[in-house]
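Chemist: So I've got this file, start31.txt, and it contains compact mmCIF, C-alpha atoms:
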# COMPACT_ATOMS: atom_id res chain seq x y z
CA MET A 1 -20.91 27.02 -10.60
CA ILE A 2 -18.26 26.97 -7.87
CA SER A 3 -20.00 24.18 -5.95
CA THR A 4 -20.02 22.02 -9.10
CA VAL A 5 -16.30 22.53 -9.62
CA THR A 6 -15.57 21.81 -5.96
CA THR A 7 -17.66 18.63 -6.05
CA THR A 8 -15.92 17.46 -9.22
CA ILE A 9 -12.48 18.07 -7.76
CA THR A 10 -13.43 16.26 -4.53
CA VAL A 11 -14.72 13.22 -6.40
CA ALA A 12 -11.62 13.11 -8.61
CA THR A 13 -9.33 13.35 -5.58
CA LEU A 14 -11.16 10.61 -3.68
CA SER A 15 -11.12 8.24 -6.65
CA ALA A 16 -7.41 8.88 -7.21
CA GLY A 17 -6.76 8.17 -3.52
CA ALA A 18 -8.72 4.92 -3.70
CA MET A 19 -6.78 3.84 -6.79
CA LEU A 20 -3.46 4.66 -5.11
CA GLY A 21 -4.48 2.65 -2.04
CA ALA A 22 -5.42 -0.36 -4.16
CA MET A 23 -2.17 -0.20 -6.13
CA SER A 24 -0.08 0.05 -2.96
CA THR A 25 -1.92 -2.94 -1.47
CA VAL A 26 -1.20 -5.04 -4.57
CA LEU A 27 2.45 -3.95 -4.47
CA LEU A 28 2.67 -4.88 -0.77
CA ILE A 29 1.28 -8.36 -1.47
CA PHE A 30 3.73 -8.81 -4.35
CA LEU A 31 6.71 -7.73 -2.24
CA LEU A 32 5.70 -9.96 0.68
CA ALA A 33 5.31 -12.96 -1.63
CA SER A 34 8.69 -12.23 -3.23
CA LYS A 35 10.34 -12.00 0.18
CA GLU A 36 8.88 -15.36 1.21
CA MET A 37 10.20 -17.04 -1.93
CA VAL A 38 13.63 -15.43 -1.65
CA ASP A 39 13.99 -16.26 2.05
CA ALA A 40 13.26 -19.92 1.34
CA ASP A 41 16.42 -20.18 -0.76
CA THR A 42 19.80 -20.87 0.84
CA ARG A 43 21.96 -18.79 -1.50
CA GLN A 44 23.56 -15.81 0.18
CA THR A 45 22.85 -13.33 -2.63
CA LEU A 46 19.13 -14.09 -2.56
CA ARG A 47 19.07 -13.75 1.21
CA ALA A 48 20.66 -10.31 0.88
CA PHE A 49 18.03 -9.40 -1.72
CA GLY A 50 15.35 -10.54 0.73
CA ARG A 51 16.71 -8.15 3.34
CA THR A 52 16.66 -5.27 0.86
CA LEU A 53 12.99 -5.96 0.10
CA ASN A 54 12.28 -4.68 3.62
CA ILE A 55 13.04 -1.18 2.33
CA GLY A 56 9.86 -1.29 0.27
CA ILE A 57 7.80 -3.49 2.56
CA LEU A 58 7.99 -1.50 5.79
CA PRO A 59 6.64 1.84 4.50
CA LEU A 60 3.88 0.08 2.57
CA LEU A 61 2.99 -1.95 5.66
CA ILE A 62 2.72 1.21 7.74
CA SER A 63 0.61 2.86 5.05
CA PHE A 64 -1.65 -0.20 4.85
CA ALA A 65 -2.11 -0.28 8.63
CA LEU A 66 -3.02 3.42 8.69
CA THR A 67 -5.46 3.00 5.81
CA VAL A 68 -7.20 0.10 7.53
CA SER A 69 -7.38 1.94 10.85
CA PHE A 70 -8.83 5.07 9.20
CA LYS A 71 -11.42 2.98 7.36
CA ILE A 72 -12.43 1.30 10.63
CA LEU A 73 -12.73 4.68 12.34
CA GLU A 74 -14.80 5.94 9.42
CA VAL A 75 -17.22 3.03 9.78
CA LEU A 76 -17.49 3.46 13.54
CA LYS A 77 -18.19 7.17 13.22
Please render this file's structure as structure tokens.

Modeler:
Amino acid sequence: MISTVTTTITVATLSAGAMLGAMSTVLLIFLLASKEMVDADTRQTLRAFGRTLNIGILPLLISFALTVSFKILEVLK
């Protein structure tokens, strides 16, 4: 009984983690594309907005790099 509950909780946690990773990757792509479009404009207000997009991009980029490195280590193991 306990092993069934533990297995169910583990599977639910892993699937939630995979979904969170996929959503953060999509958000990172969206923010990077937005920053490229905003930086191409010459208006000062849009350039300032482009700089503020870094607040969301940098943590997601670090998270993405860690996720990729852990996946590579998992495959090599």

Chemist: Suppose you want the space between atom CA of A:Ile55 and atom CA of A:Met19; what is it in Å?

Modeler: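 Going from atom CA of A:Ile55 over to atom CA of A:Met19 covers 22.4 Å.
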
Chemist: Give me, please, the distance in Å between atom CA of A:Leu76 and atom CA of A:Leu28, quoted to one decimal.

Modeler: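 According to the coordinates, atom CA of A:Leu76 and atom CA of A:Leu28 are separated by 26.1 Å.
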
Chemist: Taking (6.0, -0.8, 3.7) as a centre in this file's frame and 12 Å as the limit, can you find every polymer residue with an atom that close, using all atoms listed in the file, and give them as number ranges by chain?

Modeler: A: 24-32, 52-66

Chemist: Go ahead and compute the interatomic distance for atom CA of A:Val75 and atom CA of A:Gly21, in Å to one decimal.

Modeler: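 Interatomic distance here is 17.4 Å.
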
Chemist: Residues at most 12 Å from A:Leu46, counting all atoms listed in the file, excluding those fewer than 5 positions away in the same chain, as a ChimeraX atom specification?

Modeler: /A:34-41,51-53

Chemist: Could you dump the residues just selected with C-alpha atoms as a PDB file, in the coordinates of the input?

Modeler:
ATOM      1  CA  SER A  34       8.690 -12.230  -3.230  1.00  0.00           C
ATOM      2  CA  LYS A  35      10.340 -12.000   0.180  1.00  0.00           C
ATOM      3  CA  GLU A  36       8.880 -15.360   1.210  1.00  0.00           C
ATOM      4  CA  MET A  37      10.200 -17.040  -1.930  1.00  0.00           C
ATOM      5  CA  VAL A  38      13.630 -15.430  -1.650  1.00  0.00           C
ATOM      6  CA  ASP A  39      13.990 -16.260   2.050  1.00  0.00           C
ATOM      7  CA  ALA A  40      13.260 -19.920   1.340  1.00  0.00           C
ATOM      8  CA  ASP A  41      16.420 -20.180  -0.760  1.00  0.00           C
ATOM      9  CA  ARG A  51      16.710  -8.150   3.340  1.00  0.00           C
ATOM     10  CA  THR A  52      16.660  -5.270   0.860  1.00  0.00           C
ATOM     11  CA  LEU A  53      12.990  -5.960   0.100  1.00  0.00           C
TER      12      LEU A  53
END

Chemist: Tell me which of A:Gly50, A:Thr67, A:Lys77, A:Ile72 sits closest to A:Leu20, counting all atoms listed in the file.

Modeler: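 Closest to A:Leu20, using all atoms listed in the file: A:Thr67.
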
Chemist: Please complete stretch 30-41 of chain A with N, CA and C atoms and give it back as a PDB file, keeping the file's coordinate frame.

Modeler:
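See part-v7.pdb below for the written result:
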ATOM      1  N   PHE A  30       2.678  -8.316  -3.459  1.00  0.00           N
ATOM      2  CA  PHE A  30       3.730  -8.810  -4.350  1.00  0.00           C
ATOM      3  C   PHE A  30       5.085  -8.834  -3.650  1.00  0.00           C
ATOM      4  N   LEU A  31       5.421  -7.773  -2.928  1.00  0.00           N
ATOM      5  CA  LEU A  31       6.710  -7.730  -2.240  1.00  0.00           C
ATOM      6  C   LEU A  31       6.792  -8.762  -1.124  1.00  0.00           C
ATOM      7  N   LEU A  32       5.697  -8.957  -0.386  1.00  0.00           N
ATOM      8  CA  LEU A  32       5.700  -9.960   0.680  1.00  0.00           C
ATOM      9  C   LEU A  32       5.842 -11.371   0.113  1.00  0.00           C
ATOM     10  N   ALA A  33       5.184 -11.647  -1.000  1.00  0.00           N
ATOM     11  CA  ALA A  33       5.310 -12.960  -1.630  1.00  0.00           C
ATOM     12  C   ALA A  33       6.728 -13.169  -2.155  1.00  0.00           C
ATOM     13  N   SER A  34       7.311 -12.131  -2.736  1.00  0.00           N
ATOM     14  CA  SER A  34       8.690 -12.230  -3.230  1.00  0.00           C
ATOM     15  C   SER A  34       9.657 -12.490  -2.090  1.00  0.00           C
ATOM     16  N   LYS A  35       9.447 -11.811  -0.975  1.00  0.00           N
ATOM     17  CA  LYS A  35      10.340 -12.000   0.180  1.00  0.00           C
ATOM     18  C   LYS A  35      10.235 -13.423   0.703  1.00  0.00           C
ATOM     19  N   GLU A  36       9.041 -13.974   0.742  1.00  0.00           N
ATOM     20  CA  GLU A  36       8.880 -15.360   1.210  1.00  0.00           C
ATOM     21  C   GLU A  36       9.629 -16.334   0.304  1.00  0.00           C
ATOM     22  N   MET A  37       9.518 -16.141  -1.000  1.00  0.00           N
ATOM     23  CA  MET A  37      10.200 -17.040  -1.930  1.00  0.00           C
ATOM     24  C   MET A  37      11.715 -16.896  -1.848  1.00  0.00           C
ATOM     25  N   VAL A  38      12.189 -15.675  -1.708  1.00  0.00           N
ATOM     26  CA  VAL A  38      13.630 -15.430  -1.650  1.00  0.00           C
ATOM     27  C   VAL A  38      14.208 -15.953  -0.345  1.00  0.00           C
ATOM     28  N   ASP A  39      13.486 -15.784   0.756  1.00  0.00           N
ATOM     29  CA  ASP A  39      13.990 -16.260   2.050  1.00  0.00           C
ATOM     30  C   ASP A  39      14.024 -17.783   2.141  1.00  0.00           C
ATOM     31  N   ALA A  40      13.260 -18.457   1.322  1.00  0.00           N
ATOM     32  CA  ALA A  40      13.260 -19.920   1.340  1.00  0.00           C
ATOM     33  C   ALA A  40      14.517 -20.497   0.705  1.00  0.00           C
ATOM     34  N   ASP A  41      15.209 -19.723  -0.094  1.00  0.00           N
ATOM     35  CA  ASP A  41      16.420 -20.180  -0.760  1.00  0.00           C
ATOM     36  C   ASP A  41      17.619 -20.051   0.176  1.00  0.00           C
TER      37      ASP A  41
END
